[in-house]
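With CSV, C-alpha atoms and all ligand atoms inside, this is structure_29.csv:
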```csv
chain,number,residue,atom,x,y,z
A,25,MET,CA,-15.7,13.9,-16.8
A,26,ILE,CA,-17.2,12.2,-13.7
A,27,ARG,CA,-13.8,10.6,-12.9
A,28,LYS,CA,-12.1,14.0,-13.2
A,29,MET,CA,-14.6,15.6,-10.8
A,30,ARG,CA,-14.1,12.7,-8.3
A,31,ALA,CA,-10.3,13.4,-8.4
A,32,TRP,CA,-10.8,17.1,-7.8
A,33,LYS,CA,-13.1,16.4,-4.9
A,34,GLU,CA,-10.3,14.4,-3.2
A,35,LEU,CA,-7.8,17.2,-3.7
A,36,MET,CA,-10.2,19.8,-2.4
A,37,LYS,CA,-10.3,17.9,0.9
A,38,LEU,CA,-6.9,19.4,1.5
A,39,GLY,CA,-8.6,22.7,1.9
A,40,LEU,CA,-5.9,24.5,-0.1
A,41,ASN,CA,-6.1,27.6,-2.1
A,42,VAL,CA,-4.3,26.5,-5.3
A,43,SER,CA,-2.9,29.9,-6.3
A,44,LYS,CA,-1.6,30.6,-2.7
A,45,LEU,CA,-0.1,27.1,-2.6
A,46,ARG,CA,1.7,27.7,-5.8
A,47,LYS,CA,3.1,31.0,-4.6
A,48,ASP,CA,4.3,29.5,-1.3
A,49,ILE,CA,5.9,26.6,-3.1
A,50,ASP,CA,7.7,28.9,-5.4
A,51,SER,CA,8.9,31.1,-2.6
A,52,PHE,CA,10.0,28.0,-0.5
A,53,PHE,CA,12.1,26.3,-3.2
A,54,ARG,CA,13.5,29.6,-4.5
A,55,GLY,CA,14.4,30.8,-0.9
A,56,ASN,CA,16.1,27.4,-0.1
A,57,ILE,CA,18.4,27.6,-3.1
A,58,LEU,CA,19.2,31.3,-2.9
A,59,GLY,CA,19.9,31.0,0.8
A,60,VAL,CA,22.4,28.2,0.1
A,61,LEU,CA,24.1,30.1,-2.7
A,62,ARG,CA,24.3,33.3,-0.6
A,63,ASN,CA,26.0,31.3,2.2
A,64,GLU,CA,28.3,29.7,-0.3
A,65,GLY,CA,29.5,33.3,-1.2
A,66,TRP,CA,27.9,33.7,-4.7
A,67,PHE,CA,26.2,36.9,-3.9
A,68,ASP,CA,29.4,38.7,-2.9
A,69,TYR,CA,31.5,37.1,-5.6
A,70,LEU,CA,29.1,38.1,-8.4
A,71,GLN,CA,29.0,41.7,-7.5
A,72,SER,CA,31.8,41.8,-10.1
A,73,PRO,CA,31.3,40.2,-13.6
A,74,ARG,CA,32.7,36.7,-13.8
A,75,THR,CA,32.7,33.9,-16.3
A,76,LEU,CA,31.2,30.5,-15.6
A,77,MET,CA,34.7,28.9,-15.4
A,78,GLN,CA,35.8,31.6,-13.0
A,79,ILE,CA,32.9,30.7,-10.7
A,80,ALA,CA,33.8,27.0,-11.0
A,81,ALA,CA,37.5,27.8,-10.1
A,82,GLU,CA,36.7,30.1,-7.3
A,83,PHE,CA,34.4,27.6,-5.5
A,84,ARG,CA,36.2,24.4,-6.7
A,85,TYR,CA,33.2,23.2,-8.6
A,86,THR,CA,33.8,20.2,-10.9
A,87,GLU,CA,30.3,19.6,-12.3
A,88,ILE,CA,30.2,22.2,-15.0
A,89,ASP,CA,26.9,20.9,-16.6
A,90,PHE,CA,25.1,21.2,-13.2
A,91,LEU,CA,26.7,24.6,-12.7
A,92,GLU,CA,25.4,25.7,-16.1
A,93,TYR,CA,22.0,24.3,-15.3
A,94,LEU,CA,21.8,26.2,-12.0
A,95,ILE,CA,23.0,29.4,-13.5
A,96,GLY,CA,20.5,29.0,-16.3
A,97,ILE,CA,17.7,29.0,-13.6
A,98,LEU,CA,19.1,32.1,-12.0
A,99,ILE,CA,19.4,33.9,-15.3
A,100,GLU,CA,15.8,33.0,-16.2
A,101,ASP,CA,14.7,34.3,-12.8
A,102,GLU,CA,16.7,37.5,-13.4
A,103,VAL,CA,18.7,36.9,-10.2
A,104,ILE,CA,21.9,36.7,-12.3
A,105,GLN,CA,22.4,39.0,-15.3
A,106,GLU,CA,24.4,37.8,-18.3
A,107,ASN,CA,26.3,40.0,-20.7
A,108,ASP,CA,28.7,38.6,-23.3
A,109,GLY,CA,29.6,35.5,-21.2
A,110,GLN,CA,30.0,37.6,-18.1
A,111,LEU,CA,27.7,36.8,-15.1
A,112,PHE,CA,26.9,39.2,-12.3
A,113,MET,CA,24.3,40.2,-9.8
A,114,GLU,CA,22.9,43.8,-9.7
A,115,GLY,CA,22.3,45.2,-6.3
A,116,PRO,CA,21.0,43.3,-3.3
A,117,ILE,CA,18.9,40.3,-4.1
A,118,GLU,CA,15.7,40.1,-2.1
A,119,PHE,CA,14.0,36.8,-1.4
A,120,ASP,CA,11.6,35.6,1.2
A,121,TRP,CA,10.9,32.1,2.4
A,122,THR,CA,7.5,30.8,3.1
A,123,CYS,CA,6.9,27.2,4.0
A,124,PRO,CA,3.7,25.9,2.3
A,125,SER,CA,1.0,25.1,4.8
A,126,CYS,CA,0.7,21.5,3.5
A,127,PHE,CA,4.3,20.7,4.3
A,128,ASP,CA,5.0,19.4,7.7
A,129,ASP,CA,8.3,19.7,9.6
A,130,ALA,CA,9.7,16.5,8.1
A,131,MET,CA,8.8,17.6,4.6
A,132,ARG,CA,10.3,21.0,5.1
A,133,GLU,CA,13.6,19.6,6.5
A,134,LEU,CA,13.8,17.0,3.8
A,135,TRP,CA,13.8,19.7,1.1
A,136,VAL,CA,16.2,21.9,3.1
A,137,ASP,CA,18.6,18.9,3.3
A,138,HIS,CA,18.4,18.6,-0.5
A,139,ALA,CA,19.1,22.3,-1.0
A,140,ARG,CA,22.1,22.1,1.3
A,141,ALA,CA,23.4,19.2,-0.8
A,142,ILE,CA,23.8,21.5,-3.8
A,143,PRO,CA,27.4,22.7,-3.1
A,144,ASP,CA,28.4,19.0,-2.8
A,145,ARG,CA,26.6,18.2,-6.0
A,146,LEU,CA,28.6,21.0,-7.7
A,147,ARG,CA,31.8,19.3,-6.5
A,148,GLY,CA,30.7,15.9,-7.8
A,149,ARG,CA,29.2,14.3,-4.7
A,150,CYS,CA,25.6,13.2,-5.3
A,151,LEU,CA,23.1,11.9,-2.7
A,152,GLN,CA,22.3,8.3,-3.3
A,153,PHE,CA,18.8,6.9,-3.2
A,154,THR,CA,20.0,3.6,-2.0
A,155,GLY,CA,20.7,4.4,1.6
A,156,GLY,CA,22.2,7.9,1.2
A,157,LEU,CA,19.1,10.0,2.3
A,158,ASN,CA,18.2,11.3,5.7
A,159,LEU,CA,15.9,8.5,6.7
A,160,PHE,CA,14.5,10.3,9.7
A,161,ASN,CA,12.9,13.1,7.5
A,162,TRP,CA,11.9,10.8,4.6
A,163,ASP,CA,10.2,8.3,6.9
A,164,ASP,CA,8.1,11.0,8.5
A,165,ALA,CA,7.4,13.0,5.3
A,166,LEU,CA,5.8,10.0,3.6
A,167,SER,CA,2.9,10.1,6.1
A,168,ASN,CA,2.1,13.6,4.9
A,169,LYS,CA,-1.7,14.2,4.3
A,170,LEU,CA,-0.9,15.7,0.9
A,171,TYR,CA,0.4,12.3,-0.3
A,172,GLU,CA,-2.8,10.6,1.0
A,173,GLN,CA,-5.1,13.0,-0.8
A,174,ILE,CA,-3.3,12.9,-4.1
A,175,ARG,CA,-3.2,9.1,-3.9
A,176,ARG,CA,-7.0,9.1,-3.3
A,177,ALA,CA,-7.4,11.5,-6.2
A,178,ALA,CA,-5.5,9.0,-8.4
A,179,PHE,CA,-7.7,6.1,-7.3
A,180,ALA,CA,-10.9,8.1,-7.9
A,181,PHE,CA,-9.7,9.1,-11.4
A,182,SER,CA,-8.6,5.6,-12.4
A,183,ASP,CA,-11.4,3.3,-11.2
A,184,ALA,CA,-8.7,1.0,-9.7
A,185,LEU,CA,-11.0,-0.5,-7.1
A,186,LYS,CA,-13.4,-2.4,-9.3
A,187,GLU,CA,-12.1,-6.0,-8.7
A,188,PRO,CA,-9.4,-8.0,-7.1
A,189,VAL,CA,-6.1,-7.5,-9.0
A,190,ARG,CA,-2.4,-8.1,-9.0
A,191,PHE,CA,-1.2,-4.6,-8.1
A,192,LEU,CA,2.4,-3.2,-8.3
A,193,ASP,CA,3.3,-0.1,-6.3
A,194,VAL,CA,6.4,1.3,-7.9
A,195,GLY,CA,8.5,3.5,-5.5
A,196,SER,CA,6.6,2.2,-2.5
A,197,GLY,CA,9.0,4.0,0.0
A,198,ASN,CA,8.4,3.1,3.6
A,199,GLY,CA,5.2,1.3,2.8
A,200,ARG,CA,2.8,3.9,4.3
A,201,GLY,CA,1.2,4.6,1.0
A,202,THR,CA,1.0,0.8,0.3
A,203,ALA,CA,-0.7,0.4,3.6
A,204,ALA,CA,-3.3,2.9,2.5
A,205,ILE,CA,-3.7,1.1,-0.8
A,206,TRP,CA,-4.0,-2.3,0.9
A,207,SER,CA,-6.8,-0.7,3.1
A,208,TYR,CA,-8.7,0.7,0.1
A,209,TYR,CA,-8.9,-2.9,-1.3
A,210,TYR,CA,-9.8,-4.2,2.2
A,211,GLU,CA,-12.6,-1.7,2.4
A,212,ASN,CA,-13.9,-3.0,-0.9
A,213,ASP,CA,-13.9,-6.7,0.4
A,214,PHE,CA,-11.4,-7.9,-2.1
A,215,PHE,CA,-9.4,-10.0,0.5
A,216,PHE,CA,-11.8,-13.0,0.6
A,217,PRO,CA,-10.7,-16.7,0.7
A,218,GLY,CA,-9.2,-17.7,-2.6
A,219,SER,CA,-9.1,-14.0,-3.8
A,220,PRO,CA,-6.4,-13.4,-6.5
A,221,MET,CA,-5.8,-10.0,-4.9
A,222,GLN,CA,-2.1,-9.4,-4.4
A,223,ILE,CA,-0.1,-6.2,-3.8
A,224,VAL,CA,3.6,-5.9,-4.5
A,225,GLY,CA,5.8,-2.9,-3.6
A,226,ILE,CA,9.3,-2.1,-5.0
A,227,ASP,CA,11.7,0.6,-4.0
A,228,PRO,CA,15.4,1.1,-4.4
A,229,ASN,CA,16.0,2.6,-0.9
A,230,GLU,CA,16.9,-0.3,1.3
A,231,LYS,CA,16.2,1.5,4.6
A,232,LEU,CA,12.7,2.6,3.5
A,233,LEU,CA,12.1,-0.9,2.2
A,234,ARG,CA,13.2,-2.5,5.5
A,235,ILE,CA,10.7,-0.3,7.4
A,236,ALA,CA,8.0,-1.3,4.9
A,237,SER,CA,8.7,-5.0,5.4
A,238,GLU,CA,9.0,-4.9,9.2
A,239,GLU,CA,6.2,-2.5,10.1
A,240,PHE,CA,3.5,-3.1,7.4
A,241,PRO,CA,0.9,-4.8,9.6
A,242,GLN,CA,1.3,-2.1,12.2
A,243,MET,CA,0.9,0.6,9.5
A,244,VAL,CA,-2.3,-1.0,8.2
A,245,SER,CA,-3.6,-1.2,11.7
A,246,GLU,CA,-2.8,2.5,12.4
A,247,TYR,CA,-4.4,3.5,9.1
A,248,ASN,CA,-7.6,1.7,10.2
A,249,GLY,CA,-8.0,3.4,13.5
A,250,HIS,CA,-5.6,1.1,15.4
A,251,ASP,CA,-7.8,-1.9,14.6
A,252,LEU,CA,-5.5,-4.8,15.6
A,253,SER,CA,-7.8,-7.6,14.3
A,254,ILE,CA,-7.0,-6.4,10.7
A,255,LYS,CA,-3.5,-7.9,11.2
A,256,ASP,CA,-4.8,-11.4,10.6
A,257,THR,CA,-6.0,-10.4,7.1
A,258,VAL,CA,-2.7,-8.7,6.5
A,259,ASN,CA,-0.9,-11.9,7.4
A,260,GLU,CA,-3.2,-13.9,5.0
A,261,PHE,CA,-2.7,-11.3,2.2
A,262,PRO,CA,0.7,-9.9,2.8
A,263,VAL,CA,2.3,-7.4,0.6
A,264,GLU,CA,5.5,-8.5,-1.1
A,265,PHE,CA,8.2,-5.8,-0.8
A,266,ARG,CA,11.2,-6.2,-3.0
A,267,PRO,CA,14.2,-4.0,-3.9
A,268,GLY,CA,13.8,-2.6,-7.4
A,269,TYR,CA,14.0,0.4,-9.7
A,270,ALA,CA,11.2,1.6,-12.0
A,271,GLU,CA,13.7,1.3,-14.8
A,272,ARG,CA,14.4,-2.4,-13.9
A,273,ILE,CA,11.4,-4.1,-12.4
A,274,PRO,CA,12.2,-7.5,-11.0
A,275,TYR,CA,9.1,-9.2,-12.5
A,276,GLU,CA,8.3,-10.9,-15.8
A,277,ASP,CA,6.4,-9.4,-18.7
A,278,GLU,CA,2.6,-9.1,-18.2
A,279,SER,CA,2.7,-9.8,-14.4
A,280,PHE,CA,0.3,-7.2,-13.2
A,281,ASP,CA,-3.2,-5.9,-13.9
A,282,ILE,CA,-2.4,-2.5,-12.4
A,283,VAL,CA,0.8,-0.6,-11.9
A,284,PHE,CA,0.9,2.5,-9.7
A,285,ALA,CA,3.5,5.2,-9.3
A,286,SER,CA,2.8,8.2,-7.1
A,287,GLN,CA,5.4,11.1,-7.0
A,288,VAL,CA,8.0,8.7,-8.3
A,289,LEU,CA,8.7,9.3,-12.0
A,290,HIS,CA,10.7,12.5,-11.6
A,291,TRP,CA,13.2,10.5,-9.5
A,292,THR,CA,13.7,8.1,-12.4
A,293,GLU,CA,14.9,8.0,-16.0
A,294,PRO,CA,11.2,8.4,-17.0
A,295,LYS,CA,11.2,7.0,-20.6
A,296,LEU,CA,12.9,3.8,-19.4
A,297,ALA,CA,10.6,3.7,-16.4
A,298,ILE,CA,7.4,4.0,-18.4
A,299,THR,CA,8.6,1.4,-20.9
A,300,GLU,CA,9.4,-0.9,-18.1
A,301,MET,CA,6.1,-0.4,-16.2
A,302,MET,CA,4.2,-1.0,-19.5
A,303,ARG,CA,6.2,-4.2,-20.0
A,304,VAL,CA,5.0,-5.7,-16.7
A,305,LEU,CA,1.4,-4.8,-17.3
A,306,LYS,CA,-1.0,-7.4,-18.6
A,307,PRO,CA,-2.8,-6.5,-21.9
A,308,GLY,CA,-5.8,-4.4,-21.1
A,309,GLY,CA,-4.3,-3.4,-17.7
A,310,PHE,CA,-3.4,0.1,-16.7
A,311,LEU,CA,-0.7,2.3,-15.2
A,312,PHE,CA,-1.8,5.2,-13.0
A,313,GLY,CA,-0.5,7.6,-10.4
A,314,THR,CA,0.4,11.2,-9.6
A,315,GLN,CA,3.0,13.4,-11.2
A,316,ASN,CA,3.9,17.1,-11.6
A,317,PHE,CA,4.5,17.9,-15.2
A,318,TYR,CA,6.2,20.7,-17.2
A,319,PRO,CA,5.3,23.5,-17.6
A,320,ASP,CA,3.3,23.5,-14.3
A,321,THR,CA,6.3,23.0,-12.2
A,322,ASN,CA,8.8,25.1,-10.4
A,323,MET,CA,12.4,25.1,-11.7
A,324,TYR,CA,13.9,25.6,-8.3
A,325,ASN,CA,11.9,22.6,-7.1
A,326,GLU,CA,13.4,20.5,-9.8
A,327,ALA,CA,16.9,21.5,-8.8
A,328,HIS,CA,16.3,20.1,-5.4
A,329,PHE,CA,15.7,16.6,-6.9
A,330,LYS,CA,18.8,16.8,-9.0
A,331,VAL,CA,21.2,16.5,-6.1
A,332,VAL,CA,20.4,12.8,-6.1
A,333,GLU,CA,22.4,10.6,-8.5
A,334,GLY,CA,20.7,9.6,-11.8
A,335,VAL,CA,17.6,11.8,-11.3
A,336,HIS,CA,16.1,13.1,-14.5
A,337,GLY,CA,13.6,15.6,-13.1
A,338,PHE,CA,10.3,16.7,-14.6
A,339,PHE,CA,9.0,16.2,-18.1
A,340,SER,CA,5.9,17.2,-20.0
A,341,LYS,CA,2.6,15.3,-20.4
A,342,ASP,CA,3.2,15.2,-24.2
A,343,ASP,CA,6.5,13.4,-23.6
A,344,MET,CA,4.9,10.9,-21.2
A,345,GLU,CA,2.1,10.3,-23.7
A,346,GLU,CA,4.6,9.7,-26.5
A,347,TRP,CA,6.7,7.2,-24.4
A,348,ALA,CA,3.5,5.4,-23.2
A,349,MET,CA,2.1,5.1,-26.8
A,350,GLU,CA,5.5,3.7,-28.0
A,351,SER,CA,5.2,1.1,-25.3
A,352,GLY,CA,1.8,-0.2,-26.2
A,353,ALA,CA,-0.6,2.2,-24.6
A,354,ILE,CA,-4.0,3.0,-26.3
A,355,ALA,CA,-5.0,5.8,-24.0
A,356,PHE,CA,-3.3,8.5,-21.9
A,357,GLU,CA,-5.5,10.7,-19.6
A,358,THR,CA,-4.7,13.3,-16.9
A,359,ALA,CA,-6.6,15.5,-14.5
A,360,THR,CA,-6.1,18.1,-11.7
A,361,PRO,CA,-3.1,20.5,-11.2
A,362,ILE,CA,-1.0,18.0,-9.1
A,363,SER,CA,-1.7,15.7,-12.0
A,364,VAL,CA,-3.2,12.3,-11.7
A,365,PHE,CA,-2.7,10.2,-14.8
A,366,LYS,CA,-3.9,6.9,-16.3
A,367,VAL,CA,-2.3,5.0,-19.1
A,368,THR,CA,-4.2,2.1,-20.5
A,369,LYS,CA,-2.4,-0.8,-22.3
A,370,GLY,CA,-3.8,-2.2,-25.5
A,371,PRO,CA,-5.0,-5.8,-25.9
A,372,SER,CA,-2.3,-8.2,-27.0
A,401,LIG,C1,8.2,10.9,-2.8
A,401,LIG,S1,8.5,9.2,-2.5
A,401,LIG,C2,6.9,8.5,-2.8
A,401,LIG,C3,6.6,7.3,-2.0
A,401,LIG,C4,5.3,6.6,-2.2
A,401,LIG,N1,5.0,6.4,-3.6
A,401,LIG,C5,4.2,7.5,-1.7
A,401,LIG,O1,3.4,8.1,-2.4
A,401,LIG,O2,4.1,7.6,-0.4
A,401,LIG,C6,9.4,8.7,-3.9
A,401,LIG,C7,9.9,7.3,-3.8
A,401,LIG,O3,10.5,6.9,-5.0
A,401,LIG,C8,11.6,6.0,-4.8
A,401,LIG,N2,12.5,6.0,-5.9
A,401,LIG,C9,13.5,6.8,-6.2
A,401,LIG,N3,14.1,6.5,-7.3
A,401,LIG,C10,13.4,5.5,-7.8
A,401,LIG,C11,13.5,4.6,-9.0
A,401,LIG,N4,14.5,4.9,-9.9
A,401,LIG,N5,12.6,3.7,-9.2
A,401,LIG,C12,11.6,3.5,-8.3
A,401,LIG,N6,11.5,4.2,-7.1
A,401,LIG,C13,12.3,5.2,-6.9
A,401,LIG,C14,12.2,6.6,-3.5
A,401,LIG,O4,12.9,5.7,-2.8
A,401,LIG,C15,10.9,7.0,-2.7
A,401,LIG,O5,10.5,6.0,-1.9
```
Have the structure of the file written as structure tokens, please.
Ligand SMILES: C[S@@+](CC[C@H](N)C(=O)[O-])C[C@H]1O[C@@H](n2cnc3c(N)ncnc32)[C@H](O)[C@@H]1O
Amino acid sequence: MIRKMRAWKELMKLGLNVSKLRKDIDSFFRGNILGVLRNEGWFDYLQSPRTLMQIAAEFRYTEIDFLEYLIGILIEDEVIQENDGQLFMEGPIEFDWTCPSCFDDAMRELWVDHARAIPDRLRGRCLQFTGGLNLFNWDDALSNKLYEQIRRAAFAFSDALKEPVRFLDVGSGNGRGTAAIWSYYYENDFFFPGSPMQIVGIDPNEKLLRIASEEFPQMVSEYNGHDLSIKDTVNEFPVEFRPGYAERIPYEDESFDIVFASQVLHWTEPKLAITEMMRVLKPGGFLFGTQNFYPDTNMYNEAHFKVVEGVHGFFSKDDMEEWAMESGAIAFETATPISVFKVTKGPS
């Protein structure tokens, strides 16, 4: 209970009104996709009833599963009507577009880019996580305050700062989050001579990884009010950044006391990723992080992720619990609406 309250306290520092935020997020992701489909010509074409295959032929779409998935969202949202296999739009479709206050310019542009990639995705051209994303927006978006506060909420919930540990940050991106994590351990005096404290970051995106490797001491210094003296400690206790996927972690079994994944699992094949993260955990260790779960997610939001190759999308807490338990967990706990989670591995 106390851990849950501590997690809430961190999120409340964002000063957000949760129901307004949810409304703005819904409007933003919905507006992005409807805007792209309107520009693509769907709104005019569907003034007359058409079959799914007619839509595919008209717009030269080859990915019928993805088209079906997208149309399923629009039917559920009553943007498209369906009658006996015929799809159509009734009258003008109204939509607004409000950018959530906690999204900065880079975050907004990043999602607009993803929505714009939908027609390509329908024609069989996916974005690639390894190098294919707009680095400019991604790099900036990862310093968003939202990420910092949800990460702090996850730490408050999990009691991850009790002792020096071997810590794996899965999906460490450009290293900004890892620099914050390094600093939390630094604040707790865990980088002393002979300390077993070690932080490792893995990510499949080579460009983000390069930024992490090259700029990490600078990021830690910035995170700590431009304290340059901290760089000596960073050099003594450097973070090891390696290329790697959550589904294929380049470390042996039972290598880490703690594994962390923040806003990463929806980009992965989550059952594989959870099994793999549990594999590299020592007995008695834990996996924790942040994740949005079904049903508290927005279907238009999920469609934005699915322009990237291999992305699975959201899943439920029940699914995650089942996968974790099958991989040796003895406890699965969550808290707060942008959920923080903790999965404890059993003794050997
Ligand atoms: C929203 S960012 C989160 C970055 C970081 N965890 C943070 O909180 O600042 C998602 C990250 O997941 C990484 N990613 C995507 N697919 C992945 C996979 N299959 N395994 C591990 N990481 C992945 C991306 O490259 C990206 O850096």
Expressed in Å to a single decimal, how great is the separation between atom N4 of ligand LIG 401 (chain A) and CA of Lys295 in chain A? 11.4 Å
Check which residues of chain A sit at most 7 Å from ligand LIG 401 (chain A) using all atoms listed in the file, and return one row each with the closest pair of atoms and their distance in Å to one decimal, ordered by chain and rising number, as a tab-separated table.
```
residue	atom	partner	partner_atom	distance
A:Phe153	CA	A:LIG401	O4	6.0
A:Leu166	CA	A:LIG401	O2	5.0
A:Tyr171	CA	A:LIG401	O1	5.6
A:Arg175	CA	A:LIG401	O1	6.8
A:Val194	CA	A:LIG401	C12	5.7
A:Gly195	CA	A:LIG401	N6	3.5
A:Ser196	CA	A:LIG401	C4	4.6
A:Gly197	CA	A:LIG401	O5	3.1
A:Asn198	CA	A:LIG401	O5	6.6
A:Arg200	CA	A:LIG401	O2	6.1
A:Gly201	CA	A:LIG401	O2	4.4
A:Ile226	CA	A:LIG401	C12	6.9
A:Asp227	CA	A:LIG401	N6	4.8
A:Pro228	CA	A:LIG401	O4	5.5
A:Asn229	CA	A:LIG401	O4	4.8
A:Leu232	CA	A:LIG401	O5	6.7
A:Gly268	CA	A:LIG401	C12	6.5
A:Tyr269	CA	A:LIG401	N5	3.6
A:Ala270	CA	A:LIG401	N5	3.8
A:Glu271	CA	A:LIG401	N4	6.1
A:Ala285	CA	A:LIG401	N1	6.0
A:Ser286	CA	A:LIG401	N1	4.5
A:Gln287	CA	A:LIG401	C1	5.1
A:Val288	CA	A:LIG401	O3	4.5
A:Trp291	CA	A:LIG401	N3	4.7
A:Thr292	CA	A:LIG401	N4	4.1
A:Glu293	CA	A:LIG401	N4	6.9
```
Any idea what's packed within 7 Å of range 305-322 of chain A, counting all atoms listed in the file, ignoring anything in its chain fewer than 5 positions away? Could you give it as a PyMOL selection string? chain A and resi 50+174+178+182+277-287+338-341+362-372
Those selected residues, please, written with C-alpha atoms and delivered as an mmCIF file, keeping the file's coordinate frame.
```cif
data_model
loop_
_atom_site.group_PDB
_atom_site.id
_atom_site.type_symbol
_atom_site.label_atom_id
_atom_site.label_comp_id
_atom_site.auth_asym_id
_atom_site.auth_seq_id
_atom_site.Cartn_x
_atom_site.Cartn_y
_atom_site.Cartn_z
ATOM 1 C CA ASP A 50 7.700 28.900 -5.400
ATOM 2 C CA ILE A 174 -3.300 12.900 -4.100
ATOM 3 C CA ALA A 178 -5.500 9.000 -8.400
ATOM 4 C CA SER A 182 -8.600 5.600 -12.400
ATOM 5 C CA ASP A 277 6.400 -9.400 -18.700
ATOM 6 C CA GLU A 278 2.600 -9.100 -18.200
ATOM 7 C CA SER A 279 2.700 -9.800 -14.400
ATOM 8 C CA PHE A 280 0.300 -7.200 -13.200
ATOM 9 C CA ASP A 281 -3.200 -5.900 -13.900
ATOM 10 C CA ILE A 282 -2.400 -2.500 -12.400
ATOM 11 C CA VAL A 283 0.800 -0.600 -11.900
ATOM 12 C CA PHE A 284 0.900 2.500 -9.700
ATOM 13 C CA ALA A 285 3.500 5.200 -9.300
ATOM 14 C CA SER A 286 2.800 8.200 -7.100
ATOM 15 C CA GLN A 287 5.400 11.100 -7.000
ATOM 16 C CA PHE A 338 10.300 16.700 -14.600
ATOM 17 C CA PHE A 339 9.000 16.200 -18.100
ATOM 18 C CA SER A 340 5.900 17.200 -20.000
ATOM 19 C CA LYS A 341 2.600 15.300 -20.400
ATOM 20 C CA ILE A 362 -1.000 18.000 -9.100
ATOM 21 C CA SER A 363 -1.700 15.700 -12.000
ATOM 22 C CA VAL A 364 -3.200 12.300 -11.700
ATOM 23 C CA PHE A 365 -2.700 10.200 -14.800
ATOM 24 C CA LYS A 366 -3.900 6.900 -16.300
ATOM 25 C CA VAL A 367 -2.300 5.000 -19.100
ATOM 26 C CA THR A 368 -4.200 2.100 -20.500
ATOM 27 C CA LYS A 369 -2.400 -0.800 -22.300
ATOM 28 C CA GLY A 370 -3.800 -2.200 -25.500
ATOM 29 C CA PRO A 371 -5.000 -5.800 -25.900
ATOM 30 C CA SER A 372 -2.300 -8.200 -27.000
#
```
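When CA of Arg149 in chain A is paired with CA of Asp163 in chain A, their separation reads 23.1 Å.
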Show me as a count of residues only the residues that reach within 10 Å of (7.1, 28.7, -3.1), counting all atoms listed in the file and using the file's own coordinates. 21
Please indicate the distance in Å from CA of Ile88 in chain A to CA of Asp144 in chain A, rounded to one decimal place.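 Computing the Euclidean distance for CA of Ile88 in chain A and CA of Asp144 in chain A yields 12.7 Å.
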Out of A:Ile97, A:Val263, A:Ala165, A:Ala184, which residue has the shortest atom-to-atom distance to Trp135 in chain A when counting only C-alpha atoms? A:Ala165
If we count only C-alpha atoms and set the cut-off at 8 Å, which residues sit around Glu114 in chain A, ignoring sequence neighbours fewer than 6 positions away in its own chain? Please answer as a PDB file with C-alpha atoms, in the coordinates of the input.
```pdb
ATOM      1  CA  GLN A  71      29.000  41.700  -7.500  1.00  0.00           C
ATOM      2  CA  ILE A 104      21.900  36.700 -12.300  1.00  0.00           C
ATOM      3  CA  GLN A 105      22.400  39.000 -15.300  1.00  0.00           C
TER       4      GLN A 105
END
```
Quick one: of A:Glu187, A:Glu133, A:Glu118, A:Glu300, who's nearest to Glu211 in chain A, counting only C-alpha atoms?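 So, comparing all the options, the nearest one is A:Glu187.
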Have a look at A:Thr257, A:Gly156, A:Gln173, A:Asn248 and name the one nearest to Leu38 in chain A; count only C-alpha atoms. A:Gln173
Go through A:Leu146, A:Gly39, A:Met349, A:Lys169 and flag the residue nearest Tyr93 in chain A, using all atoms listed in the file for the distances. A:Leu146
Just checking: using only C-alpha atoms, which residue out of A:Ser245, A:Cys126, A:Met323, A:Ala141 ends up closest to Asp101 in chain A?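 Closest to Asp101 in chain A, using only C-alpha atoms: A:Met323.
The smallest atom-to-atom distance between Asp137 in chain A and any of A:Phe119, A:Tyr275, A:Trp32, A:Phe160, using all atoms listed in the file, is found for A:Phe160.
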Give me, as an NGL selection string, all polymer residues having an atom no more than 10 Å from Phe216 in chain A, counting all atoms listed in the file and skipping those fewer than 2 positions away in the same chain. :A and (188 or 210 or 213-214 or 218-221 or 257 or 260-261)
7 Å contact set for Asn161 in chain A, all atoms listed in the file, chain neighbours under 3 positions out, as a VMD selection string: chain A and resid 130 to 131 133 to 134 158 164 to 165
Using only C-alpha atoms, which residues sit within 12 Å of range 78-81 of chain A once same-chain residues fewer than 2 positions away are excluded, as a VMD selection string? chain A and resid 61 64 to 70 72 to 76 83 to 92 95 109 to 112 143 146 to 148
